[in-house]
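Raw contents of model_3.cif, mmCIF, C-alpha atoms:
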data_model
loop_
_atom_site.group_PDB
_atom_site.id
_atom_site.type_symbol
_atom_site.label_atom_id
_atom_site.label_comp_id
_atom_site.auth_asym_id
_atom_site.auth_seq_id
_atom_site.Cartn_x
_atom_site.Cartn_y
_atom_site.Cartn_z
ATOM 1 C CA MET A 26 -23.123 27.939 -53.517
ATOM 2 C CA ILE A 27 -26.358 28.305 -51.534
ATOM 3 C CA LYS A 28 -26.640 24.534 -51.211
ATOM 4 C CA ALA A 29 -23.077 24.389 -49.825
ATOM 5 C CA LEU A 30 -23.945 27.117 -47.302
ATOM 6 C CA LYS A 31 -27.052 25.206 -46.201
ATOM 7 C CA VAL A 32 -25.035 22.012 -45.738
ATOM 8 C CA SER A 33 -22.355 23.911 -43.806
ATOM 9 C CA PHE A 34 -24.991 25.494 -41.582
ATOM 10 C CA LEU A 35 -26.613 22.109 -40.875
ATOM 11 C CA ILE A 36 -23.228 20.619 -39.970
ATOM 12 C CA TYR A 37 -22.483 23.619 -37.722
ATOM 13 C CA LEU A 38 -25.895 23.317 -36.084
ATOM 14 C CA SER A 39 -25.569 19.577 -35.434
ATOM 15 C CA ILE A 40 -22.063 19.944 -33.978
ATOM 16 C CA ASN A 41 -23.125 22.788 -31.701
ATOM 17 C CA THR A 42 -26.276 20.926 -30.612
ATOM 18 C CA ALA A 43 -24.216 17.854 -29.711
ATOM 19 C CA MET A 44 -21.739 20.038 -27.839
ATOM 20 C CA ALA A 45 -24.563 21.797 -25.976
ATOM 21 C CA ASP A 46 -26.123 18.467 -24.979
ATOM 22 C CA ASN A 47 -22.767 17.209 -23.711
ATOM 23 C CA GLN A 48 -22.087 20.496 -21.892
ATOM 24 C CA GLU A 49 -25.583 20.380 -20.345
ATOM 25 C CA GLU A 50 -24.811 16.969 -18.845
ATOM 26 C CA GLN A 51 -21.386 18.147 -17.658
ATOM 27 C CA ASN A 52 -22.919 21.188 -15.958
ATOM 28 C CA MET A 53 -25.355 19.131 -13.904
ATOM 29 C CA SER A 54 -24.942 18.944 -10.170
ATOM 30 C CA HIS A 55 -24.305 15.660 -8.397
ATOM 31 C CA GLU A 56 -27.957 15.558 -7.301
ATOM 32 C CA GLN A 57 -29.212 16.119 -10.857
ATOM 33 C CA SER A 58 -26.954 13.321 -12.096
ATOM 34 C CA THR A 59 -28.268 11.056 -9.341
ATOM 35 C CA VAL A 60 -31.859 11.743 -10.449
ATOM 36 C CA ILE A 61 -30.950 10.809 -14.031
ATOM 37 C CA SER A 62 -29.242 7.687 -12.711
ATOM 38 C CA THR A 63 -32.525 6.644 -11.060
ATOM 39 C CA ILE A 64 -34.324 7.033 -14.398
ATOM 40 C CA GLN A 65 -31.609 5.119 -16.264
ATOM 41 C CA THR A 66 -31.571 2.327 -13.669
ATOM 42 C CA MET A 67 -35.346 1.949 -13.963
ATOM 43 C CA THR A 68 -35.104 1.930 -17.769
ATOM 44 C CA ARG A 69 -32.424 -0.794 -17.724
ATOM 45 C CA ALA A 70 -34.579 -2.879 -15.395
ATOM 46 C CA PHE A 71 -37.536 -2.321 -17.725
ATOM 47 C CA HIS A 72 -35.462 -3.467 -20.732
ATOM 48 C CA ASN A 73 -34.516 -6.620 -18.790
ATOM 49 C CA SER A 74 -38.133 -7.343 -17.692
ATOM 50 C CA ASP A 75 -36.886 -7.037 -14.102
ATOM 51 C CA ILE A 76 -40.058 -6.164 -12.191
ATOM 52 C CA ALA A 77 -38.257 -5.935 -8.837
ATOM 53 C CA GLY A 78 -35.751 -3.491 -10.333
ATOM 54 C CA VAL A 79 -38.494 -1.391 -11.888
ATOM 55 C CA LEU A 80 -40.532 -1.235 -8.680
ATOM 56 C CA ALA A 81 -37.406 -0.358 -6.652
ATOM 57 C CA SER A 82 -37.278 2.954 -8.546
ATOM 58 C CA TYR A 83 -40.629 4.093 -7.114
ATOM 59 C CA GLU A 84 -41.851 5.130 -3.679
ATOM 60 C CA LYS A 85 -44.370 2.792 -2.062
ATOM 61 C CA ASN A 86 -47.418 4.949 -2.902
ATOM 62 C CA ALA A 87 -46.223 6.258 -6.276
ATOM 63 C CA ALA A 88 -48.529 6.854 -9.240
ATOM 64 C CA VAL A 89 -47.850 6.059 -12.888
ATOM 65 C CA MET A 90 -49.941 7.213 -15.816
ATOM 66 C CA PHE A 91 -49.688 4.090 -17.986
ATOM 67 C CA GLU A 92 -52.305 5.698 -20.240
ATOM 68 C CA PRO A 93 -52.846 9.433 -20.766
ATOM 69 C CA ALA A 94 -54.793 10.996 -17.875
ATOM 70 C CA LYS A 95 -55.240 7.646 -16.062
ATOM 71 C CA GLN A 96 -53.390 7.332 -12.770
ATOM 72 C CA VAL A 97 -52.499 3.934 -11.297
ATOM 73 C CA SER A 98 -51.377 3.708 -7.665
ATOM 74 C CA ASP A 99 -52.553 0.248 -6.598
ATOM 75 C CA PRO A 100 -49.384 -1.891 -6.165
ATOM 76 C CA ALA A 101 -50.941 -5.013 -7.736
ATOM 77 C CA GLN A 102 -52.172 -3.065 -10.779
ATOM 78 C CA PHE A 103 -48.847 -1.250 -10.957
ATOM 79 C CA LYS A 104 -46.991 -4.565 -11.227
ATOM 80 C CA LYS A 105 -49.526 -6.045 -13.671
ATOM 81 C CA ASN A 106 -49.258 -3.050 -16.025
ATOM 82 C CA PHE A 107 -45.461 -3.136 -16.094
ATOM 83 C CA GLU A 108 -45.433 -6.888 -16.698
ATOM 84 C CA GLY A 109 -47.893 -6.359 -19.560
ATOM 85 C CA PHE A 110 -45.510 -3.875 -21.165
ATOM 86 C CA PHE A 111 -42.657 -6.381 -20.830
ATOM 87 C CA GLN A 112 -44.497 -8.529 -23.408
ATOM 88 C CA LEU A 113 -43.719 -5.864 -26.042
ATOM 89 C CA ASN A 114 -39.964 -6.182 -25.433
ATOM 90 C CA PRO A 115 -39.745 -2.378 -25.515
ATOM 91 C CA LYS A 116 -36.488 -0.454 -25.842
ATOM 92 C CA PHE A 117 -36.549 3.184 -24.787
ATOM 93 C CA ASP A 118 -34.157 5.942 -25.781
ATOM 94 C CA TYR A 119 -34.085 9.458 -24.351
ATOM 95 C CA SER A 120 -32.981 12.386 -26.496
ATOM 96 C CA GLY A 121 -32.034 14.462 -23.454
ATOM 97 C CA HIS A 122 -32.764 15.094 -19.805
ATOM 98 C CA GLU A 123 -33.707 18.179 -17.819
ATOM 99 C CA VAL A 124 -33.683 18.012 -14.044
ATOM 100 C CA TYR A 125 -34.823 20.709 -11.634
ATOM 101 C CA ILE A 126 -34.437 20.296 -7.890
ATOM 102 C CA ALA A 127 -36.089 22.141 -5.014
ATOM 103 C CA ASN A 128 -35.167 20.789 -1.598
ATOM 104 C CA ASP A 129 -36.138 17.105 -1.553
ATOM 105 C CA LEU A 130 -38.192 17.171 -4.780
ATOM 106 C CA ALA A 131 -36.927 16.810 -8.336
ATOM 107 C CA LEU A 132 -38.642 17.254 -11.679
ATOM 108 C CA HIS A 133 -37.267 15.127 -14.525
ATOM 109 C CA ILE A 134 -38.295 15.886 -18.120
ATOM 110 C CA ALA A 135 -37.155 13.797 -21.081
ATOM 111 C CA PRO A 136 -38.358 13.205 -24.634
ATOM 112 C CA TRP A 137 -38.370 9.482 -25.453
ATOM 113 C CA THR A 138 -38.807 7.054 -28.300
ATOM 114 C CA MET A 139 -39.720 3.386 -27.975
ATOM 115 C CA GLN A 140 -39.376 0.426 -30.311
ATOM 116 C CA GLY A 141 -41.023 -2.906 -29.547
ATOM 117 C CA ASN A 142 -43.009 -5.798 -30.947
ATOM 118 C CA ALA A 143 -46.686 -6.619 -30.517
ATOM 119 C CA PRO A 144 -47.641 -10.211 -29.639
ATOM 120 C CA ASP A 145 -48.282 -10.865 -33.361
ATOM 121 C CA GLY A 146 -44.689 -9.806 -34.139
ATOM 122 C CA SER A 147 -45.563 -6.480 -35.748
ATOM 123 C CA GLU A 148 -43.281 -3.589 -34.884
ATOM 124 C CA ILE A 149 -44.427 -0.850 -32.548
ATOM 125 C CA ALA A 150 -42.893 2.616 -32.469
ATOM 126 C CA GLN A 151 -44.006 5.358 -30.100
ATOM 127 C CA SER A 152 -42.664 8.598 -28.724
ATOM 128 C CA GLY A 153 -43.556 10.981 -25.956
ATOM 129 C CA LEU A 154 -42.433 13.307 -23.217
ATOM 130 C CA SER A 155 -41.710 11.817 -19.821
ATOM 131 C CA ILE A 156 -42.428 14.022 -16.831
ATOM 132 C CA ALA A 157 -41.528 12.518 -13.468
ATOM 133 C CA VAL A 158 -41.428 13.845 -9.918
ATOM 134 C CA LEU A 159 -38.892 12.231 -7.600
ATOM 135 C CA ARG A 160 -38.340 12.612 -3.868
ATOM 136 C CA LYS A 161 -35.022 12.320 -2.076
ATOM 137 C CA GLN A 162 -35.145 9.553 0.506
ATOM 138 C CA ALA A 163 -33.530 9.635 3.960
ATOM 139 C CA ASP A 164 -30.740 7.365 2.646
ATOM 140 C CA GLY A 165 -29.937 9.798 -0.222
ATOM 141 C CA ARG A 166 -31.613 7.845 -3.027
ATOM 142 C CA TRP A 167 -34.076 9.533 -5.370
ATOM 143 C CA LEU A 168 -37.300 7.594 -6.025
ATOM 144 C CA MET A 169 -40.155 8.392 -8.368
ATOM 145 C CA VAL A 170 -43.420 9.584 -6.846
ATOM 146 C CA LEU A 171 -45.253 10.547 -10.054
ATOM 147 C CA ASP A 172 -44.374 9.186 -13.495
ATOM 148 C CA ASN A 173 -46.191 10.456 -16.562
ATOM 149 C CA PRO A 174 -44.689 9.225 -19.841
ATOM 150 C CA HIS A 175 -47.509 10.979 -21.741
ATOM 151 C CA GLY A 176 -46.644 14.577 -20.853
ATOM 152 C CA GLN A 177 -46.841 15.641 -24.487
ATOM 153 C CA ARG A 178 -50.588 14.972 -24.758
ATOM 154 C CA LEU A 179 -51.561 18.478 -23.611
ATOM 155 C CA THR A 180 -49.454 20.113 -26.323
ATOM 156 C CA LYS A 181 -51.406 18.566 -29.189
#
Go ahead and express the file in the form of structure tokens.
Amino acid sequence: MIKALKVSFLIYLSINTAMADNQEEQNMSHEQSTVISTIQTMTRAFHNSDIAGVLASYEKNAAVMFEPAKQVSDPAQFKKNFEGFFQLNPKFDYSGHEVYIANDLALHIAPWTMQGNAPDGSEIAQSGLSIAVLRKQADGRWLMVLDNPHGQRLTK
């Protein structure tokens, strides 16, 4: 009896969590959805090793923390680091998105997991918390200004 109640509760919890996630996305404003679209477009470009597509998601003087607490802003280094990651053939998944907007700035927060392969063929699996700041451009696009995929490091 207790086991059946536990199973029922877990089913209830998973259904309500899925419904809440779906409702969260449905309740987003157009601008919030556009911010998420920028992130998804960059991720697709990353999956396709499309450096031009990846770089098109960032402002000219953006900064990415490719490693925890290490900021890279130099365009040549920026490109080199992304191309290095392409060698892993990484595939990212996000378990959800939160977007907060104030005027022309947006904060995007998303937990992620990544699967890939090292040069020797061994599998790589990582996870983290992406925290990105985007700015709305004059043409209405949202581009990343700061991108920190290691936002979880301070919580450990």
**Request:** Considering all atoms listed in the file, return as an MDAnalysis selection string whatever protein or nucleic-acid residues lie within 8 Å of region 93-95 of chain A, sequence-local ones (same chain, fewer than 5 positions apart) excluded.
**Result:** chainID A and resid 173 175 178
**Prompt:** Quick one: distance from CA of Thr63 (chain A) to CA of Phe117 (chain A) in Å, one decimal?
**Reply:**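 Separating CA of Thr63 (chain A) from CA of Phe117 (chain A) is a distance of 14.7 Å.
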**Asked** Hey, what's within 12 Å of Ile61 (chain A) if we count all atoms listed in the file and toss same-chain stuff fewer than 3 positions away? As a PyMOL selection string, please?
**Response** chain A and resi 50+53-58+64-68+82+119+121-126+131-135+157-159+166-169
Export of prior selection with C-alpha atoms as a CSV table (one decimal), in the coordinates of the input:
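Generated file (again31.csv):
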chain,number,residue,atom,x,y,z
A,50,GLU,CA,-24.8,17.0,-18.8
A,53,MET,CA,-25.4,19.1,-13.9
A,54,SER,CA,-24.9,18.9,-10.2
A,55,HIS,CA,-24.3,15.7,-8.4
A,56,GLU,CA,-28.0,15.6,-7.3
A,57,GLN,CA,-29.2,16.1,-10.9
A,58,SER,CA,-27.0,13.3,-12.1
A,64,ILE,CA,-34.3,7.0,-14.4
A,65,GLN,CA,-31.6,5.1,-16.3
A,66,THR,CA,-31.6,2.3,-13.7
A,67,MET,CA,-35.3,1.9,-14.0
A,68,THR,CA,-35.1,1.9,-17.8
A,82,SER,CA,-37.3,3.0,-8.5
A,119,TYR,CA,-34.1,9.5,-24.4
A,121,GLY,CA,-32.0,14.5,-23.5
A,122,HIS,CA,-32.8,15.1,-19.8
A,123,GLU,CA,-33.7,18.2,-17.8
A,124,VAL,CA,-33.7,18.0,-14.0
A,125,TYR,CA,-34.8,20.7,-11.6
A,126,ILE,CA,-34.4,20.3,-7.9
A,131,ALA,CA,-36.9,16.8,-8.3
A,132,LEU,CA,-38.6,17.3,-11.7
A,133,HIS,CA,-37.3,15.1,-14.5
A,134,ILE,CA,-38.3,15.9,-18.1
A,135,ALA,CA,-37.2,13.8,-21.1
A,157,ALA,CA,-41.5,12.5,-13.5
A,158,VAL,CA,-41.4,13.8,-9.9
A,159,LEU,CA,-38.9,12.2,-7.6
A,166,ARG,CA,-31.6,7.8,-3.0
A,167,TRP,CA,-34.1,9.5,-5.4
A,168,LEU,CA,-37.3,7.6,-6.0
A,169,MET,CA,-40.2,8.4,-8.4
**Message:** as a ChimeraX atom specification, please: the residues near Gln102 (chain A) (cut-off 12 Å, only C-alpha atoms, same-chain neighbours under 2 positions excluded).
**Reply:** /A:80,87-91,96-100,104-109
Give, as AutoDock Vina command-line options, the centre coordinates and the x, y and z edge lengths in Å to one decimal for an axis-aligned box around all listed atoms of region 79-89 of chain A, padded by 8 Å on each side.
--center_x -42.9 --center_y 2.7 --center_z -7.5 --size_x 27.3 --size_y 24.2 --size_z 26.8
**Request:** Quote the spacing between CA of Asn114 (chain A) and CA of His72 (chain A) in Å to one decimal place.
**Result:**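 That distance, rounded to one decimal, is 7.1 Å.
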**Item:** Nearest residue to Asp145 (chain A) from the set A:Ser62, A:Thr180, A:Gln112, A:Asn73 (distances using only C-alpha atoms)
**Value:**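 With only C-alpha atoms as the atom set, the closest residue is A:Gln112.
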Just add N, CA and C atoms to region 70-96 of chain A and send it as an mmCIF file, in the coordinates of the input.
data_model
loop_
_atom_site.group_PDB
_atom_site.id
_atom_site.type_symbol
_atom_site.label_atom_id
_atom_site.label_comp_id
_atom_site.auth_asym_id
_atom_site.auth_seq_id
_atom_site.Cartn_x
_atom_site.Cartn_y
_atom_site.Cartn_z
ATOM 1 N N ALA A 70 -33.776 -1.810 -15.984
ATOM 2 C CA ALA A 70 -34.579 -2.879 -15.395
ATOM 3 C C ALA A 70 -35.780 -3.188 -16.292
ATOM 4 N N PHE A 71 -36.398 -2.151 -16.822
ATOM 5 C CA PHE A 71 -37.536 -2.321 -17.725
ATOM 6 C C PHE A 71 -37.118 -3.115 -18.955
ATOM 7 N N HIS A 72 -35.969 -2.751 -19.550
ATOM 8 C CA HIS A 72 -35.462 -3.467 -20.732
ATOM 9 C C HIS A 72 -35.198 -4.938 -20.426
ATOM 10 N N ASN A 73 -34.827 -5.246 -19.195
ATOM 11 C CA ASN A 73 -34.516 -6.620 -18.790
ATOM 12 C C ASN A 73 -35.721 -7.361 -18.206
ATOM 13 N N SER A 74 -36.909 -6.760 -18.271
ATOM 14 C CA SER A 74 -38.133 -7.343 -17.692
ATOM 15 C C SER A 74 -37.944 -7.694 -16.220
ATOM 16 N N ASP A 75 -37.198 -6.847 -15.523
ATOM 17 C CA ASP A 75 -36.886 -7.037 -14.102
ATOM 18 C C ASP A 75 -37.884 -6.238 -13.267
ATOM 19 N N ILE A 76 -38.997 -6.881 -12.901
ATOM 20 C CA ILE A 76 -40.058 -6.164 -12.191
ATOM 21 C C ILE A 76 -39.584 -5.641 -10.847
ATOM 22 N N ALA A 77 -38.764 -6.404 -10.134
ATOM 23 C CA ALA A 77 -38.257 -5.935 -8.837
ATOM 24 C C ALA A 77 -37.403 -4.684 -9.024
ATOM 25 N N GLY A 78 -36.588 -4.666 -10.058
ATOM 26 C CA GLY A 78 -35.751 -3.491 -10.333
ATOM 27 C C GLY A 78 -36.571 -2.271 -10.709
ATOM 28 N N VAL A 79 -37.611 -2.498 -11.506
ATOM 29 C CA VAL A 79 -38.494 -1.391 -11.888
ATOM 30 C C VAL A 79 -39.169 -0.830 -10.643
ATOM 31 N N LEU A 80 -39.790 -1.691 -9.860
ATOM 32 C CA LEU A 80 -40.532 -1.235 -8.680
ATOM 33 C C LEU A 80 -39.629 -0.571 -7.652
ATOM 34 N N ALA A 81 -38.353 -0.953 -7.601
ATOM 35 C CA ALA A 81 -37.406 -0.358 -6.652
ATOM 36 C C ALA A 81 -37.105 1.108 -6.975
ATOM 37 N N SER A 82 -37.510 1.568 -8.144
ATOM 38 C CA SER A 82 -37.278 2.954 -8.546
ATOM 39 C C SER A 82 -38.412 3.887 -8.118
ATOM 40 N N TYR A 83 -39.442 3.327 -7.502
ATOM 41 C CA TYR A 83 -40.629 4.093 -7.114
ATOM 42 C C TYR A 83 -40.835 4.058 -5.612
ATOM 43 N N GLU A 84 -41.404 5.144 -5.070
ATOM 44 C CA GLU A 84 -41.851 5.130 -3.679
ATOM 45 C C GLU A 84 -43.039 4.179 -3.559
ATOM 46 N N LYS A 85 -43.300 3.762 -2.338
ATOM 47 C CA LYS A 85 -44.370 2.792 -2.062
ATOM 48 C C LYS A 85 -45.726 3.239 -2.627
ATOM 49 N N ASN A 86 -46.105 4.469 -2.466
ATOM 50 C CA ASN A 86 -47.418 4.949 -2.902
ATOM 51 C C ASN A 86 -47.346 5.809 -4.160
ATOM 52 N N ALA A 87 -46.405 5.488 -5.044
ATOM 53 C CA ALA A 87 -46.223 6.258 -6.276
ATOM 54 C C ALA A 87 -47.407 6.066 -7.222
ATOM 55 N N ALA A 88 -47.495 6.952 -8.209
ATOM 56 C CA ALA A 88 -48.529 6.854 -9.240
ATOM 57 C C ALA A 88 -47.873 6.926 -10.612
ATOM 58 N N VAL A 89 -48.316 6.056 -11.507
ATOM 59 C CA VAL A 89 -47.850 6.059 -12.888
ATOM 60 C C VAL A 89 -49.063 6.218 -13.792
ATOM 61 N N MET A 90 -48.900 7.039 -14.816
ATOM 62 C CA MET A 90 -49.941 7.213 -15.816
ATOM 63 C C MET A 90 -49.570 6.301 -16.988
ATOM 64 N N PHE A 91 -49.989 5.036 -16.916
ATOM 65 C CA PHE A 91 -49.688 4.090 -17.986
ATOM 66 C C PHE A 91 -50.413 4.476 -19.271
ATOM 67 N N GLU A 92 -51.544 5.150 -19.121
ATOM 68 C CA GLU A 92 -52.305 5.698 -20.240
ATOM 69 C C GLU A 92 -52.503 7.182 -19.952
ATOM 70 N N PRO A 93 -52.641 7.996 -20.997
ATOM 71 C CA PRO A 93 -52.846 9.433 -20.766
ATOM 72 C C PRO A 93 -54.014 9.691 -19.821
ATOM 73 N N ALA A 94 -53.775 10.527 -18.827
ATOM 74 C CA ALA A 94 -54.793 10.996 -17.875
ATOM 75 C C ALA A 94 -55.393 9.901 -17.000
ATOM 76 N N LYS A 95 -54.737 8.730 -16.914
ATOM 77 C CA LYS A 95 -55.240 7.646 -16.062
ATOM 78 C C LYS A 95 -54.151 7.238 -15.083
ATOM 79 N N GLN A 96 -54.363 7.581 -13.841
ATOM 80 C CA GLN A 96 -53.390 7.332 -12.770
ATOM 81 C C GLN A 96 -53.584 5.957 -12.165
#
